file upload-v5.tsv (TSV, C-alpha atoms)
chain	number	residue	atom	x	y	z
A	1	MET	CA	-3.91	-4.79	-11.84
A	2	ASN	CA	-2.27	-7.35	-9.57
A	3	VAL	CA	-1.00	-9.45	-12.48
A	4	ARG	CA	0.68	-6.65	-14.40
A	5	ASN	CA	4.43	-6.08	-14.35
A	6	LYS	CA	5.14	-3.77	-11.41
A	7	LYS	CA	8.70	-2.90	-12.36
A	8	ILE	CA	8.95	0.54	-13.93
A	9	ASN	CA	11.21	0.46	-16.99
A	10	ALA	CA	12.21	3.70	-18.67
A	11	GLU	CA	14.91	4.81	-21.06
A	12	SER	CA	15.24	8.32	-19.66
A	13	GLU	CA	14.51	10.20	-16.47
A	14	ALA	CA	11.54	11.94	-18.12
A	15	ASP	CA	10.12	8.57	-19.20
A	16	TYR	CA	10.61	7.26	-15.66
A	17	ILE	CA	8.81	10.23	-14.11
A	18	LYS	CA	5.93	9.85	-16.57
A	19	ALA	CA	5.72	6.10	-15.91
A	20	VAL	CA	5.69	6.63	-12.12
A	21	TRP	CA	2.91	9.21	-12.35
A	22	ASP	CA	0.90	7.13	-14.85
A	23	ASN	CA	1.19	4.10	-12.57
A	24	PHE	CA	0.11	6.14	-9.52
A	25	GLN	CA	-2.86	7.64	-11.38
A	26	LEU	CA	-3.97	4.19	-12.51
A	27	TYR	CA	-4.01	3.00	-8.91
A	28	GLU	CA	-5.85	6.15	-7.81
A	29	MET	CA	-8.54	5.57	-10.46
A	30	ALA	CA	-8.95	1.95	-9.38
A	31	LEU	CA	-9.18	3.05	-5.75
A	32	SER	CA	-11.82	5.59	-6.74
A	33	VAL	CA	-13.86	2.83	-8.38
A	34	ILE	CA	-13.52	0.67	-5.26
A	35	GLY	CA	-14.78	3.64	-3.24
A	36	MET	CA	-17.97	3.68	-5.34
A	37	LEU	CA	-18.78	0.14	-4.24
A	38	THR	CA	-20.67	-0.62	-1.07
A	39	PRO	CA	-18.98	-2.77	1.58
A	40	LYS	CA	-21.64	-5.41	0.86
A	41	GLU	CA	-20.61	-5.48	-2.84
A	42	VAL	CA	-16.93	-5.78	-1.89
A	43	ILE	CA	-17.70	-8.66	0.49
A	44	GLU	CA	-19.71	-10.45	-2.21
A	45	THR	CA	-17.01	-9.93	-4.86
A	46	PHE	CA	-13.93	-10.37	-2.66
A	47	PRO	CA	-14.91	-12.59	0.29
A	48	ILE	CA	-13.16	-12.01	3.60
A	49	TYR	CA	-10.35	-14.51	4.07
A	50	LYS	CA	-11.41	-17.08	6.66
A	51	ARG	CA	-8.52	-16.70	9.08
A	52	TYR	CA	-9.46	-16.84	12.76
A	53	ASP	CA	-6.14	-16.65	14.64
A	54	GLY	CA	-5.32	-12.96	14.28
A	55	HIS	CA	-5.29	-12.43	18.04
A	56	LYS	CA	-2.56	-15.07	18.36
A	57	TYR	CA	-0.31	-13.46	15.72
A	58	GLU	CA	-1.55	-9.86	16.12
A	59	THR	CA	-2.66	-9.73	12.48
A	60	LYS	CA	-5.87	-9.13	10.58
A	61	ASP	CA	-8.36	-11.93	10.66
A	62	TYR	CA	-12.06	-12.53	10.03
A	63	PHE	CA	-13.05	-11.06	13.40
A	64	SER	CA	-10.96	-7.89	13.09
A	65	VAL	CA	-12.40	-7.29	9.60
A	66	GLN	CA	-15.93	-7.71	10.97
A	67	ASN	CA	-15.09	-5.17	13.70
A	68	SER	CA	-13.80	-2.66	11.14
A	69	LEU	CA	-16.89	-3.19	8.94
A	70	ALA	CA	-19.05	-2.01	11.85
A	71	ALA	CA	-17.88	1.55	11.08
A	72	TYR	CA	-19.52	1.42	7.63
A	73	ASP	CA	-23.08	1.35	6.37
A	74	LEU	CA	-22.94	-1.85	4.33
A	75	ASN	CA	-25.38	-0.45	1.76
A	76	GLN	CA	-23.71	2.96	1.19
A	77	PRO	CA	-20.69	3.47	-1.07
A	78	ILE	CA	-17.42	3.29	0.85
A	79	ASN	CA	-16.54	6.88	-0.12
A	80	ALA	CA	-20.05	8.22	0.66
A	81	VAL	CA	-18.87	10.31	3.62
A	82	ASP	CA	-15.09	10.62	3.19
A	83	ASP	CA	-12.49	9.09	0.91
A	84	LYS	CA	-12.22	5.93	3.00
A	85	ALA	CA	-11.45	3.40	0.28
A	86	PHE	CA	-7.77	2.99	1.16
A	87	GLU	CA	-8.57	2.79	4.87
A	88	PHE	CA	-11.25	0.20	4.06
A	89	LEU	CA	-8.75	-1.87	2.05
A	90	TRP	CA	-6.13	-1.54	4.78
A	91	ASP	CA	-8.50	-3.13	7.29
A	92	TYR	CA	-9.93	-5.72	4.87
A	93	ASP	CA	-8.49	-9.24	4.53
A	94	ASN	CA	-8.67	-10.67	1.03
A	95	ASP	CA	-5.47	-11.70	-0.75
A	96	ASP	CA	-6.30	-9.83	-3.97
A	97	LEU	CA	-7.27	-6.61	-2.20
A	98	VAL	CA	-4.31	-6.80	0.19
A	99	GLU	CA	-1.96	-7.17	-2.79
A	100	PHE	CA	-3.65	-4.20	-4.47
A	101	ALA	CA	-3.22	-2.08	-1.30
A	102	VAL	CA	0.46	-3.04	-1.04
A	103	ASP	CA	1.03	-2.25	-4.73
A	104	PHE	CA	-0.73	1.10	-4.27
A	105	MET	CA	1.62	1.84	-1.35
A	106	GLY	CA	4.50	1.00	-3.69
A	107	ALA	CA	3.17	3.51	-6.22
A	108	MET	CA	2.91	6.12	-3.44
A	109	SER	CA	6.47	5.31	-2.41
A	110	HIS	CA	7.70	5.94	-5.98
A	111	ILE	CA	5.97	9.33	-5.95
A	112	ASN	CA	7.51	10.13	-2.57
A	113	ARG	CA	10.95	9.20	-3.93
A	114	LEU	CA	10.44	11.60	-6.85
A	115	GLU	CA	9.23	14.44	-4.62
A	116	LYS	CA	11.42	13.98	-1.53
A	117	GLY	CA	14.26	11.75	-2.66
A	118	LYS	CA	13.28	8.91	-0.30
A	119	ASP	CA	10.90	6.00	-0.43
A	120	LEU	CA	8.19	5.92	2.25
A	121	PHE	CA	9.94	3.30	4.38
A	122	SER	CA	13.24	5.21	4.44
A	123	GLN	CA	11.44	8.43	5.32
A	124	PHE	CA	9.50	6.68	8.09
A	125	LEU	CA	12.66	5.19	9.61
A	126	GLU	CA	14.49	8.51	9.49
A	127	GLU	CA	11.63	10.53	10.99
A	128	THR	CA	10.64	8.06	13.71
A	129	GLN	CA	13.82	6.14	14.53
A	130	GLY	CA	16.63	8.44	13.42
A	131	ILE	CA	17.90	5.80	10.98
A	132	LYS	CA	19.13	7.21	7.67
A	133	SER	CA	19.27	5.32	4.40
A	134	ARG	CA	21.60	5.54	1.47
A	135	MET	CA	21.89	3.86	-1.90
A	136	ILE	CA	24.93	1.74	-2.68
A	137	GLU	CA	25.65	-0.46	-5.66
A	138	ILE	CA	26.51	-4.13	-5.22
A	139	ASN	CA	27.33	-6.13	-8.34
A	140	GLY	CA	25.53	-3.59	-10.52
A	141	ILE	CA	22.36	-3.64	-8.39
A	142	GLU	CA	21.25	-0.60	-6.38
A	143	VAL	CA	20.65	-1.53	-2.75
A	144	ILE	CA	19.29	0.61	0.09
A	145	THR	CA	21.26	0.37	3.32
A	146	PHE	CA	20.28	1.76	6.71
A	147	ASP	CA	22.60	3.31	9.28
A	148	ASN	CA	22.19	4.99	12.65
A	149	ASP	CA	22.60	8.79	12.70
A	150	GLU	CA	25.85	8.56	14.65
A	151	GLU	CA	27.46	6.40	11.99
A	152	LEU	CA	26.69	8.89	9.19
A	153	ASP	CA	27.64	12.07	11.06

call {"tool": "encode", "arguments": {"input": "upload-v5.tsv", "output": "structure tokens"}}
result
Amino acid sequence: MNVRNKKINAESEADYIKAVWDNFQLYEMALSVIGMLTPKEVIETFPIYKRYDGHKYETKDYFSVQNSLAAYDLNQPINAVDDKAFEFLWDYDNDDLVEFAVDFMGAMSHINRLEKGKDLFSQFLEETQGIKSRMIEINGIEVITFDNDEELD
């Protein structure tokens, strides 16, 4: 899934909506399959990236992944108790799985834009920081800009 074209092209709004939902459902199915795997199977298939300086940069590293794995039974499917597959991927450090998780967040953001008119990042900034976004066009390209509440009122 990581090598496919992530740009959603559509000729009409209906085609766009269908493409967004199809894309999201594809990621959900893949996440469901990942949830059927055990953490041990994931580790064997997608080894943890050997990065050991996460404490220095406050990022994920081999040690933080090992700490997060302690919450799982390595021989039980990831989703055995709850739907924890996305949480598992969020804490895991493997380039392919990190890219998948980011792409899945992009698919969720497209759904959020359809349902609420804002991508996830814009909604987060507005709800937590009071920063509103708006779309402008520069040289034929739609760009999101961010402004403080006082500037838009």

call {"tool": "residues_around", "arguments": {"input": "upload-v5.tsv", "residues": "Lys50 (chain A)", "least_positions_apart": "2", "cutoff": "10 Å", "atoms": "only C-alpha atoms", "output": "PyMOL selection string"}}
result
chain A and resi 47-48+52-53+61-63+93-94

call {"tool": "write_last_selection", "arguments": {"input": "upload-v5.tsv", "atoms": "C-alpha atoms", "output": "short mmCIF file (atom, residue, chain, number, x, y, z; two decimals), keeping the file's coordinate frame"}}
result
data_model
loop_
_atom_site.label_atom_id
_atom_site.label_comp_id
_atom_site.auth_asym_id
_atom_site.auth_seq_id
_atom_site.Cartn_x
_atom_site.Cartn_y
_atom_site.Cartn_z
CA PRO A 47 -14.91 -12.59 0.29
CA ILE A 48 -13.16 -12.01 3.60
CA TYR A 52 -9.46 -16.84 12.76
CA ASP A 53 -6.14 -16.65 14.64
CA ASP A 61 -8.36 -11.93 10.66
CA TYR A 62 -12.06 -12.53 10.03
CA PHE A 63 -13.05 -11.06 13.40
CA ASP A 93 -8.49 -9.24 4.53
CA ASN A 94 -8.67 -10.67 1.03
#

call {"tool": "closest_residue", "arguments": {"input": "upload-v5.tsv", "among": "A:Ile138, A:Leu114, A:Asn67, A:Phe146", "to": "Glu126 (chain A)", "atoms": "all atoms listed in the file"}}
result
A:Phe146

call {"tool": "closest_residue", "arguments": {"input": "upload-v5.tsv", "among": "A:Asp119, A:Glu142, A:Glu127, A:Asp96", "to": "Thr45 (chain A)", "atoms": "all atoms listed in the file"}}
result
A:Asp96

call {"tool": "closest_residue", "arguments": {"input": "upload-v5.tsv", "among": "A:Ile43, A:Asp91, A:Glu58, A:Leu120", "to": "Met105 (chain A)", "atoms": "all atoms listed in the file"}}
result
A:Leu120

call {"tool": "residues_around", "arguments": {"input": "upload-v5.tsv", "residues": "Tyr92 (chain A)", "least_positions_apart": "4", "cutoff": "8 Å", "atoms": "only C-alpha atoms", "output": "list in words"}}
result
Ile48, Lys60, Val65, Ser68, Phe88, Leu97 and Val98 of chain A

call {"tool": "residues_around", "arguments": {"input": "upload-v5.tsv", "residues": "Phe100 (chain A)", "least_positions_apart": "3", "cutoff": "9 Å", "atoms": "all atoms listed in the file", "output": "NGL selection string"}}
result
:A and (1-2 or 27 or 89 or 95-97 or 103-105)

call {"tool": "write_last_selection", "arguments": {"input": "upload-v5.tsv", "atoms": "C-alpha atoms", "output": "PDB file, in the coordinates of the input"}}
result
ATOM      1  CA  MET A   1      -3.910  -4.790 -11.840  1.00  0.00           C
ATOM      2  CA  ASN A   2      -2.270  -7.350  -9.570  1.00  0.00           C
ATOM      3  CA  TYR A  27      -4.010   3.000  -8.910  1.00  0.00           C
ATOM      4  CA  LEU A  89      -8.750  -1.870   2.050  1.00  0.00           C
ATOM      5  CA  ASP A  95      -5.470 -11.700  -0.750  1.00  0.00           C
ATOM      6  CA  ASP A  96      -6.300  -9.830  -3.970  1.00  0.00           C
ATOM      7  CA  LEU A  97      -7.270  -6.610  -2.200  1.00  0.00           C
ATOM      8  CA  ASP A 103       1.030  -2.250  -4.730  1.00  0.00           C
ATOM      9  CA  PHE A 104      -0.730   1.100  -4.270  1.00  0.00           C
ATOM     10  CA  MET A 105       1.620   1.840  -1.350  1.00  0.00           C
TER      11      MET A 105
END

call {"tool": "residues_around", "arguments": {"input": "upload-v5.tsv", "residues": "region 30-35 of chain A", "least_positions_apart": "5", "cutoff": "7 Å", "atoms": "only C-alpha atoms", "output": "number ranges by chain"}}
result
A: 77-79, 85

call {"tool": "residues_around", "arguments": {"input": "upload-v5.tsv", "residues": "Lys7 (chain A)", "least_positions_apart": "4", "cutoff": "12 Å", "atoms": "all atoms listed in the file", "output": "list in words"}}
result
Val3, Tyr16, Ala19, Val20, Asn23, Asp103, Gly106, Ala107 and His110 of chain A

call {"tool": "atom_distance", "arguments": {"input": "upload-v5.tsv", "atom1": "CA of Ser133 (chain A)", "atom2": "CA of Lys118 (chain A)"}}
result
8.4 Å

call {"tool": "closest_residue", "arguments": {"input": "upload-v5.tsv", "among": "A:Ser12, A:Thr38, A:Ser109, A:Asn75", "to": "Ser122 (chain A)", "atoms": "all atoms listed in the file"}}
result
A:Ser109

call {"tool": "atom_distance", "arguments": {"input": "upload-v5.tsv", "atom1": "CA of Leu74 (chain A)", "atom2": "CA of Thr59 (chain A)"}}
result
23.2 Å

call {"tool": "atom_distance", "arguments": {"input": "upload-v5.tsv", "atom1": "CA of Ala80 (chain A)", "atom2": "CA of Ile111 (chain A)"}}
result
26.9 Å

call {"tool": "closest_residue", "arguments": {"input": "upload-v5.tsv", "among": "A:Thr128, A:Asp147, A:Asp15, A:Glu28", "to": "Asp83 (chain A)", "atoms": "all atoms listed in the file"}}
result
A:Glu28

call {"tool": "build_atoms", "arguments": {"input": "upload-v5.tsv", "residues": "region 101-136 of chain A", "atoms": "N, CA and C atoms", "output": "mmCIF file, keeping the file's coordinate frame"}}
result
data_model
loop_
_atom_site.group_PDB
_atom_site.id
_atom_site.type_symbol
_atom_site.label_atom_id
_atom_site.label_comp_id
_atom_site.auth_asym_id
_atom_site.auth_seq_id
_atom_site.Cartn_x
_atom_site.Cartn_y
_atom_site.Cartn_z
ATOM 1 N N ALA A 101 -3.575 -3.137 -2.255
ATOM 2 C CA ALA A 101 -3.220 -2.080 -1.300
ATOM 3 C C ALA A 101 -1.704 -1.948 -1.167
ATOM 4 N N VAL A 102 -1.007 -3.072 -1.138
ATOM 5 C CA VAL A 102 0.460 -3.040 -1.040
ATOM 6 C C VAL A 102 1.056 -2.435 -2.312
ATOM 7 N N ASP A 103 0.539 -2.813 -3.468
ATOM 8 C CA ASP A 103 1.030 -2.250 -4.730
ATOM 9 C C ASP A 103 0.754 -0.750 -4.806
ATOM 10 N N PHE A 104 -0.403 -0.325 -4.299
ATOM 11 C CA PHE A 104 -0.730 1.100 -4.270
ATOM 12 C C PHE A 104 0.250 1.836 -3.365
ATOM 13 N N MET A 105 0.613 1.226 -2.235
ATOM 14 C CA MET A 105 1.620 1.840 -1.350
ATOM 15 C C MET A 105 2.963 1.943 -2.089
ATOM 16 N N GLY A 106 3.279 0.942 -2.895
ATOM 17 C CA GLY A 106 4.500 1.000 -3.690
ATOM 18 C C GLY A 106 4.473 2.154 -4.672
ATOM 19 N N ALA A 107 3.318 2.371 -5.293
ATOM 20 C CA ALA A 107 3.170 3.510 -6.220
ATOM 21 C C ALA A 107 3.323 4.825 -5.463
ATOM 22 N N MET A 108 2.750 4.905 -4.258
ATOM 23 C CA MET A 108 2.910 6.120 -3.440
ATOM 24 C C MET A 108 4.371 6.316 -3.052
ATOM 25 N N SER A 109 5.060 5.222 -2.784
ATOM 26 C CA SER A 109 6.470 5.310 -2.410
ATOM 27 C C SER A 109 7.311 5.840 -3.568
ATOM 28 N N HIS A 110 6.994 5.413 -4.802
ATOM 29 C CA HIS A 110 7.700 5.940 -5.980
ATOM 30 C C HIS A 110 7.487 7.446 -6.114
ATOM 31 N N ILE A 111 6.263 7.891 -5.893
ATOM 32 C CA ILE A 111 5.970 9.330 -5.950
ATOM 33 C C ILE A 111 6.750 10.061 -4.871
ATOM 34 N N ASN A 112 6.775 9.509 -3.677
ATOM 35 C CA ASN A 112 7.510 10.130 -2.570
ATOM 36 C C ASN A 112 9.002 10.227 -2.911
ATOM 37 N N ARG A 113 9.531 9.189 -3.556
ATOM 38 C CA ARG A 113 10.950 9.200 -3.930
ATOM 39 C C ARG A 113 11.211 10.313 -4.950
ATOM 40 N N LEU A 114 10.270 10.515 -5.887
ATOM 41 C CA LEU A 114 10.440 11.600 -6.850
ATOM 42 C C LEU A 114 10.391 12.961 -6.173
ATOM 43 N N GLU A 115 9.439 13.139 -5.241
ATOM 44 C CA GLU A 115 9.230 14.440 -4.620
ATOM 45 C C GLU A 115 10.216 14.746 -3.497
ATOM 46 N N LYS A 116 10.590 13.730 -2.709
ATOM 47 C CA LYS A 116 11.420 13.980 -1.530
ATOM 48 C C LYS A 116 12.755 13.257 -1.528
ATOM 49 N N GLY A 117 12.983 12.445 -2.556
ATOM 50 C CA GLY A 117 14.260 11.750 -2.660
ATOM 51 C C GLY A 117 14.367 10.501 -1.808
ATOM 52 N N LYS A 118 13.265 10.100 -1.141
ATOM 53 C CA LYS A 118 13.280 8.910 -0.300
ATOM 54 C C LYS A 118 11.998 8.130 -0.495
ATOM 55 N N ASP A 119 12.116 6.802 -0.408
ATOM 56 C CA ASP A 119 10.900 6.000 -0.430
ATOM 57 C C ASP A 119 10.213 6.150 0.929
ATOM 58 N N LEU A 120 8.969 5.727 1.028
ATOM 59 C CA LEU A 120 8.190 5.920 2.250
ATOM 60 C C LEU A 120 8.823 5.238 3.456
ATOM 61 N N PHE A 121 9.345 4.033 3.273
ATOM 62 C CA PHE A 121 9.940 3.300 4.380
ATOM 63 C C PHE A 121 11.176 4.016 4.920
ATOM 64 N N SER A 122 12.042 4.480 4.025
ATOM 65 C CA SER A 122 13.240 5.210 4.440
ATOM 66 C C SER A 122 12.867 6.491 5.177
ATOM 67 N N GLN A 123 11.880 7.200 4.670
ATOM 68 C CA GLN A 123 11.440 8.430 5.320
ATOM 69 C C GLN A 123 10.866 8.128 6.702
ATOM 70 N N PHE A 124 10.070 7.078 6.802
ATOM 71 C CA PHE A 124 9.500 6.680 8.090
ATOM 72 C C PHE A 124 10.596 6.361 9.099
ATOM 73 N N LEU A 125 11.580 5.550 8.694
ATOM 74 C CA LEU A 125 12.660 5.190 9.610
ATOM 75 C C LEU A 125 13.462 6.407 10.060
ATOM 76 N N GLU A 126 13.725 7.322 9.134
ATOM 77 C CA GLU A 126 14.490 8.510 9.490
ATOM 78 C C GLU A 126 13.716 9.401 10.450
ATOM 79 N N GLU A 127 12.431 9.611 10.171
ATOM 80 C CA GLU A 127 11.630 10.530 10.990
ATOM 81 C C GLU A 127 11.270 9.948 12.352
ATOM 82 N N THR A 128 11.086 8.638 12.441
ATOM 83 C CA THR A 128 10.640 8.060 13.710
ATOM 84 C C THR A 128 11.743 7.392 14.517
ATOM 85 N N GLN A 129 12.772 6.890 13.839
ATOM 86 C CA GLN A 129 13.820 6.140 14.530
ATOM 87 C C GLN A 129 15.201 6.770 14.421
ATOM 88 N N GLY A 130 15.335 7.809 13.606
ATOM 89 C CA GLY A 130 16.630 8.440 13.420
ATOM 90 C C GLY A 130 17.592 7.595 12.595
ATOM 91 N N ILE A 131 17.065 6.672 11.811
ATOM 92 C CA ILE A 131 17.900 5.800 10.980
ATOM 93 C C ILE A 131 17.879 6.328 9.560
ATOM 94 N N LYS A 132 19.043 6.664 9.032
ATOM 95 C CA LYS A 132 19.130 7.210 7.670
ATOM 96 C C LYS A 132 19.455 6.095 6.686
ATOM 97 N N SER A 133 19.005 6.295 5.452
ATOM 98 C CA SER A 133 19.270 5.320 4.400
ATOM 99 C C SER A 133 20.166 5.946 3.349
ATOM 100 N N ARG A 134 20.812 5.086 2.608
ATOM 101 C CA ARG A 134 21.600 5.540 1.470
ATOM 102 C C ARG A 134 21.639 4.428 0.437
ATOM 103 N N MET A 135 21.833 4.825 -0.810
ATOM 104 C CA MET A 135 21.890 3.860 -1.900
ATOM 105 C C MET A 135 23.346 3.489 -2.158
ATOM 106 N N ILE A 136 23.608 2.208 -2.264
ATOM 107 C CA ILE A 136 24.930 1.740 -2.680
ATOM 108 C C ILE A 136 24.707 0.750 -3.827
#
